[in-house]
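The file query17.cif comes next; it holds mmCIF, C-alpha atoms.
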data_target
#
loop_
_atom_site.label_atom_id
_atom_site.label_comp_id
_atom_site.auth_asym_id
_atom_site.auth_seq_id
_atom_site.Cartn_x
_atom_site.Cartn_y
_atom_site.Cartn_z
CA MET A 821 -7.02 14.35 174.20
CA GLY A 822 -4.22 15.48 176.53
CA LYS A 823 -1.70 15.28 173.71
CA ALA A 824 -3.80 17.38 171.32
CA GLN A 825 -3.56 20.61 173.32
CA PRO A 826 0.21 21.20 172.84
CA THR A 827 -0.22 20.49 169.12
CA ILE A 828 -3.01 23.06 168.80
CA LEU A 829 -1.06 25.60 170.82
CA SER A 830 1.99 25.00 168.65
CA CYS A 831 -0.05 25.52 165.51
CA VAL A 832 -1.51 28.76 166.86
CA PHE A 833 1.96 30.00 167.81
CA VAL A 834 3.33 29.19 164.35
CA LEU A 835 0.37 30.92 162.70
CA VAL A 836 0.71 34.07 164.80
CA PHE A 837 4.48 34.14 164.26
CA GLY A 838 3.94 33.77 160.53
CA VAL A 839 1.42 36.62 160.49
CA VAL A 840 3.87 38.87 162.36
CA LEU A 841 6.63 38.05 159.88
CA PHE A 842 4.28 38.73 156.97
CA TYR A 843 3.27 42.06 158.55
CA ILE A 844 6.89 43.12 158.94
CA GLY A 845 7.96 41.85 155.55
CA THR A 846 5.18 43.64 153.71
CA ASP A 847 5.42 47.01 155.46
CA GLY A 848 2.34 46.41 157.59
CA PHE A 849 0.18 44.67 154.95
CA GLN A 850 0.53 47.65 152.62
CA ALA A 851 2.59 45.60 150.20
CA TYR A 852 2.08 42.02 149.09
CA THR A 853 5.18 41.53 146.99
CA ALA A 854 8.86 42.28 147.47
CA GLU A 855 8.76 44.75 144.57
CA THR A 856 5.88 46.72 146.07
CA ALA A 857 7.58 46.79 149.45
CA ARG A 858 10.78 48.03 147.78
CA VAL A 859 8.88 50.82 146.01
CA ASN A 860 7.15 51.83 149.24
CA ARG A 861 10.49 52.12 151.00
CA LEU A 862 11.86 54.27 148.18
CA ILE A 863 8.91 56.64 148.32
CA ASP A 864 9.18 56.89 152.10
CA HIS A 865 12.93 57.54 151.94
CA GLN A 866 12.82 59.91 148.94
CA PRO A 867 16.51 59.55 148.01
CA ALA A 868 18.28 62.42 146.29
CA PHE A 869 19.46 62.00 142.72
CA PRO A 870 23.21 61.56 143.27
CA ASP A 871 25.85 63.88 141.85
CA VAL A 872 26.66 61.90 138.71
CA ILE A 873 27.59 63.08 135.24
CA LEU A 874 25.12 62.43 132.44
CA GLU A 875 26.09 62.40 128.77
CA ASP A 876 23.15 62.88 126.42
CA SER A 877 22.49 62.02 122.78
CA PHE A 878 24.13 65.27 121.67
CA GLY A 879 27.31 64.50 123.66
CA ARG A 880 26.60 67.19 126.25
CA LYS A 881 27.70 66.46 129.82
CA TYR A 882 26.04 67.75 132.97
CA ASN A 883 24.57 66.66 136.29
CA ILE A 884 21.03 66.84 137.65
CA THR A 885 21.34 70.59 138.34
CA GLU A 886 20.85 71.00 134.58
CA PHE A 887 17.16 70.57 135.42
CA LYS A 888 17.08 72.83 138.46
CA GLU A 889 13.57 73.95 139.44
CA LYS A 890 11.99 71.36 137.16
CA TYR A 891 10.39 67.99 137.74
CA VAL A 892 12.22 65.15 136.03
CA PHE A 893 10.31 62.08 134.79
CA ILE A 894 12.77 59.21 134.41
CA THR A 895 13.07 55.74 132.93
CA PHE A 896 16.02 53.32 132.93
CA LEU A 897 16.72 51.21 129.84
CA TYR A 898 19.27 49.84 127.40
CA THR A 899 18.81 50.25 123.67
CA ALA A 900 19.63 46.62 122.74
CA CYS A 901 16.67 45.46 124.83
CA THR A 902 14.00 43.68 122.80
CA THR A 903 11.58 42.92 125.63
CA VAL A 904 10.27 45.54 128.05
CA CYS A 905 12.33 48.63 127.12
CA PRO A 906 10.57 49.48 123.84
CA GLN A 907 7.21 49.29 125.59
CA LEU A 908 8.56 51.32 128.50
CA GLU A 909 9.70 54.12 126.21
CA TYR A 910 6.55 53.95 124.09
CA ASN A 911 4.46 54.37 127.24
CA MET A 912 6.69 57.25 128.30
CA SER A 913 5.95 58.92 124.97
CA LYS A 914 2.23 58.51 125.66
CA VAL A 915 2.60 60.22 129.05
CA TYR A 916 4.55 62.99 127.32
CA ASP A 917 1.78 63.44 124.74
CA ARG A 918 -0.91 63.66 127.42
CA LEU A 919 0.64 66.60 129.28
CA PRO A 920 -0.30 70.18 128.35
CA GLU A 921 2.41 71.60 126.10
CA LYS A 922 2.86 74.65 128.33
CA TYR A 923 4.49 72.49 131.02
CA ILE A 924 6.85 70.51 128.79
CA GLY A 925 10.43 71.69 129.04
CA ASP A 926 9.62 74.59 131.38
CA ASP A 927 8.18 72.79 134.41
CA ILE A 928 8.98 69.18 133.65
CA VAL A 929 11.52 67.32 131.52
CA PHE A 930 11.65 63.67 130.53
CA LEU A 931 14.89 61.72 130.89
CA SER A 932 15.66 58.17 129.71
CA ILE A 933 18.88 56.83 131.22
CA SER A 934 20.78 53.87 129.74
CA PHE A 935 22.47 51.46 132.12
CA ASP A 936 24.53 50.05 129.23
CA PRO A 937 26.99 52.94 128.71
CA GLU A 938 29.57 50.92 126.77
CA ARG A 939 27.18 50.28 123.90
CA ASP A 940 24.83 53.23 124.34
CA GLY A 941 27.05 56.14 123.36
CA PRO A 942 25.64 59.47 122.15
CA GLY A 943 25.31 58.24 118.56
CA THR A 944 23.32 55.16 119.55
CA LEU A 945 21.10 57.17 121.88
CA ASP A 946 20.52 59.76 119.17
CA LYS A 947 19.19 57.10 116.80
CA TYR A 948 17.16 55.40 119.53
CA LYS A 949 15.42 58.59 120.61
CA ASP A 950 14.02 59.07 117.10
CA TYR A 951 11.99 55.85 117.40
CA PHE A 952 9.96 57.50 120.16
CA HIS A 953 9.97 61.07 118.81
CA SER A 954 12.16 62.35 121.63
CA ASP A 955 13.43 65.84 120.78
CA GLY A 956 16.62 65.53 122.81
CA GLU A 957 15.71 68.61 124.85
CA ALA A 958 12.40 68.38 126.71
CA TRP A 959 12.86 64.62 126.51
CA ARG A 960 16.48 63.57 126.66
CA MET A 961 18.20 60.23 126.41
CA ALA A 962 21.50 59.90 128.23
CA ARG A 963 24.03 57.55 129.73
CA ILE A 964 26.31 57.72 132.78
CA PRO A 965 29.81 56.96 131.44
CA ASP A 966 31.41 56.32 134.84
CA PRO A 967 30.47 52.77 136.00
CA LYS A 968 30.83 53.68 139.69
CA GLU A 969 28.51 56.65 139.30
CA LEU A 970 26.02 54.51 137.40
CA ILE A 971 25.97 51.90 140.16
CA ARG A 972 25.47 54.63 142.76
CA LEU A 973 22.39 55.94 140.95
CA LEU A 974 20.91 52.49 140.37
CA ASP A 975 21.41 51.61 144.03
CA GLU A 976 19.89 54.87 145.27
CA PHE A 977 16.79 54.45 143.10
CA GLY A 978 16.42 50.71 143.65
CA VAL A 979 16.91 49.85 139.98
CA ILE A 980 17.84 46.17 139.69
CA VAL A 981 20.07 45.36 136.71
CA ILE A 982 21.51 41.86 136.26
CA PRO A 983 23.68 41.09 133.20
CA ASP A 984 23.08 37.66 131.67
CA GLY A 985 26.58 37.37 130.20
CA ASN A 986 25.28 37.55 126.64
CA GLY A 987 24.87 41.30 126.36
CA ASN A 988 21.38 41.45 127.82
CA PHE A 989 20.05 42.40 131.23
CA ALA A 990 17.29 41.31 133.56
CA HIS A 991 15.90 44.46 135.13
CA ASN A 992 12.87 46.02 136.75
CA SER A 993 11.01 48.83 135.00
CA ALA A 994 9.02 51.81 136.23
CA PHE A 995 8.49 55.54 135.90
CA TYR A 996 10.50 57.58 138.44
CA LEU A 997 9.51 61.12 139.39
CA VAL A 998 12.13 63.50 140.80
CA ASP A 999 11.00 66.81 142.27
CA LYS A 1000 12.45 70.28 141.78
CA LYS A 1001 14.92 69.71 144.62
CA GLY A 1002 16.30 66.57 143.02
CA ASN A 1003 14.59 64.05 145.31
CA LEU A 1004 12.75 60.95 144.18
CA ILE A 1005 9.12 61.43 145.22
CA ASP A 1006 7.27 58.67 143.40
CA VAL A 1007 7.71 55.41 141.51
CA LEU A 1008 4.88 54.67 139.09
CA ASP A 1009 3.69 51.60 137.24
CA TYR A 1010 4.87 52.10 133.66
CA THR A 1011 1.91 50.12 132.30
CA LYS A 1012 -0.58 52.66 133.68
CA VAL A 1013 -0.15 55.55 131.28
CA GLU A 1014 -3.37 57.39 132.09
CA GLU A 1015 -2.74 57.27 135.83
CA ALA A 1016 0.83 58.51 135.45
CA ALA A 1017 -0.21 61.37 133.16
CA ALA A 1018 -3.04 62.35 135.52
CA GLU A 1019 -0.67 62.44 138.52
CA LEU A 1020 1.87 64.60 136.70
CA LYS A 1021 -0.81 66.96 135.44
CA ALA A 1022 -2.27 67.33 138.94
CA ILE A 1023 1.16 68.13 140.41
CA LEU A 1024 1.94 70.68 137.71
CA GLU A 1025 -1.46 72.35 137.96
CA LYS A 1026 -1.11 72.60 141.74
CA GLU A 1027 2.32 74.23 141.33
CA GLU A 1028 0.81 76.68 138.86
CA GLY A 1029 -1.97 77.58 141.26
CA ASP A 1030 0.26 78.13 144.30
#
Render the structure in this file as structure tokens.
Amino acid sequence: MGKAQPTILSCVFVLVFGVVLFYIGTDGFQAYTAETARVNRLIDHQPAFPDVILEDSFGRKYNITEFKEKYVFITFLYTACTTVCPQLEYNMSKVYDRLPEKYIGDDIVFLSISFDPERDGPGTLDKYKDYFHSDGEAWRMARIPDPKELIRLLDEFGVIVIPDGNGNFAHNSAFYLVDKKGNLIDVLDYTKVEEAAAELKAILEKEEGD
């Protein structure tokens, strides 16, 4: 019996230590996966959209101040993707369709950003946008031609992009909401269209009422 006590105490210590590590690693039990914890940190930090140059499907170049005093609803994709990207953009189109028309373009714009700028030039983006009925104005598709600027944006917004060496990428997918000051204020599950549309509508209606 005398030898059992240290073993029990050791087990208790290991259990408590493990719980503490889990608490720290999951932002105080608020997150149960690394991805959720990453999103929570982004929302808490609210990083600014960096000063990078976008080139859209019409070949126009500008930075985020193009959308000054507007919310920007963002996705990250590459047009050669045959897995999640088409569904991501389709769901984005459904969010777009669910918002009152009076807000579209005036109070909020939609922006799909390619992280494959070598292949996704303006011509490719112009064709791709038509699959989802993007008008190129209230919903724009663009690339960031400068690789260093692209990496800066992906890092700031926690977008993970890993090339597989065969022209494809492993990447995470979400809806990103940037406020009128250019700060990231929310990261939304792209599979939950109704919830995303409801959140945007509530924000826009509150702005209208203030």
For this session: Could you give me, as a ChimeraX atom specification, the residues within 9 Å of Val981 in chain A, counting all atoms listed in the file and dropping anything in the same chain fewer than 4 positions from it?
Result: /A:935,974,989-992
For this session: Translate the PyMOL selection byres ((chain A and resi 1021) around 12), as applied to the file shown, into an explicit residue set as a list in words.
Result: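 Taken over the shown coordinates, the PyMOL selection byres ((chain A and resi 1021) around 12) returns Tyr891, Val915, Tyr916, Asp917, Arg918, Leu919, Pro920, Glu921, Lys922, Tyr923, Ile924, Asp927, Ile928, Glu1014, Glu1015, Ala1016, Ala1017, Ala1018, Glu1019, Leu1020, Ala1022, Ile1023, Leu1024, Glu1025, Lys1026, Glu1027 and Glu1028 of chain A.
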For this session: Starting from the displayed file, determine the output of the PyMOL selection byres ((chain A and resi 869) around 9) and express the residue list as an MDAnalysis selection string.
Result: chainID A and resid 867:868 870:872 884 973 976:977 998 1002:1004
For this session: On this file, the PyMOL selection byres ((chain A and resi 993) around 12) gives some set of residues; write that set as an NGL selection string.
Result: :A and (855 or 859 or 894-898 or 903-909 or 911-912 or 932-933 or 974 or 977-981 or 989-992 or 994-996 or 1007-1011)
Exercise. Which is closest to Ala962 in chain A among A:Glu889, A:Asp999, A:Asp975, A:Asp936, if we use all atoms listed in the file?
Worked result: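 Looking at the shortest contact to Ala962 in chain A, the residue is A:Asp936.
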For this session: Go through A:Arg939, A:Arg972, A:Lys1001, A:His953 one by one, measure the shortest atom-to-atom distance of each to Val892 in chain A using all atoms listed in the file, and give the residue with the smallest value.
Result: A:Lys1001
For this session: Could you check which of A:Thr856, A:Ser934, A:Ser877, A:Gln866 is closest to Ala900 in chain A, using all atoms listed in the file?
Result: A:Ser934
Exercise. At what distance in Å, to one decimal, does CA of Pro967 in chain A lie from CA of Thr944 in chain A?
Worked result: 18.1 Å
Exercise. In terms of the shortest atom-to-atom distance over all atoms listed in the file, which of A:Phe887, A:Tyr951, A:Phe878, A:Phe930 is closest to Tyr910 in chain A?
Worked result: A:Tyr951
Exercise. Could you state the separation of CA of Gly985 in chain A and CA of Cys901 in chain A in Å, given to one decimal place?
Worked result: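 Calculated distance between CA of Gly985 in chain A and CA of Cys901 in chain A is 13.9 Å.
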Exercise. Quick one: distance from CA of Pro965 in chain A to CA of Pro942 in chain A in Å, one decimal?
Worked result: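 Computed distance, CA of Pro965 in chain A to CA of Pro942 in chain A, equals 10.5 Å.
For the set A:Leu997, A:Met961, A:Ala854, A:Leu874, the residue with the smallest atom-to-atom gap to Gly943 in chain A is A:Met961, counting all atoms listed in the file.
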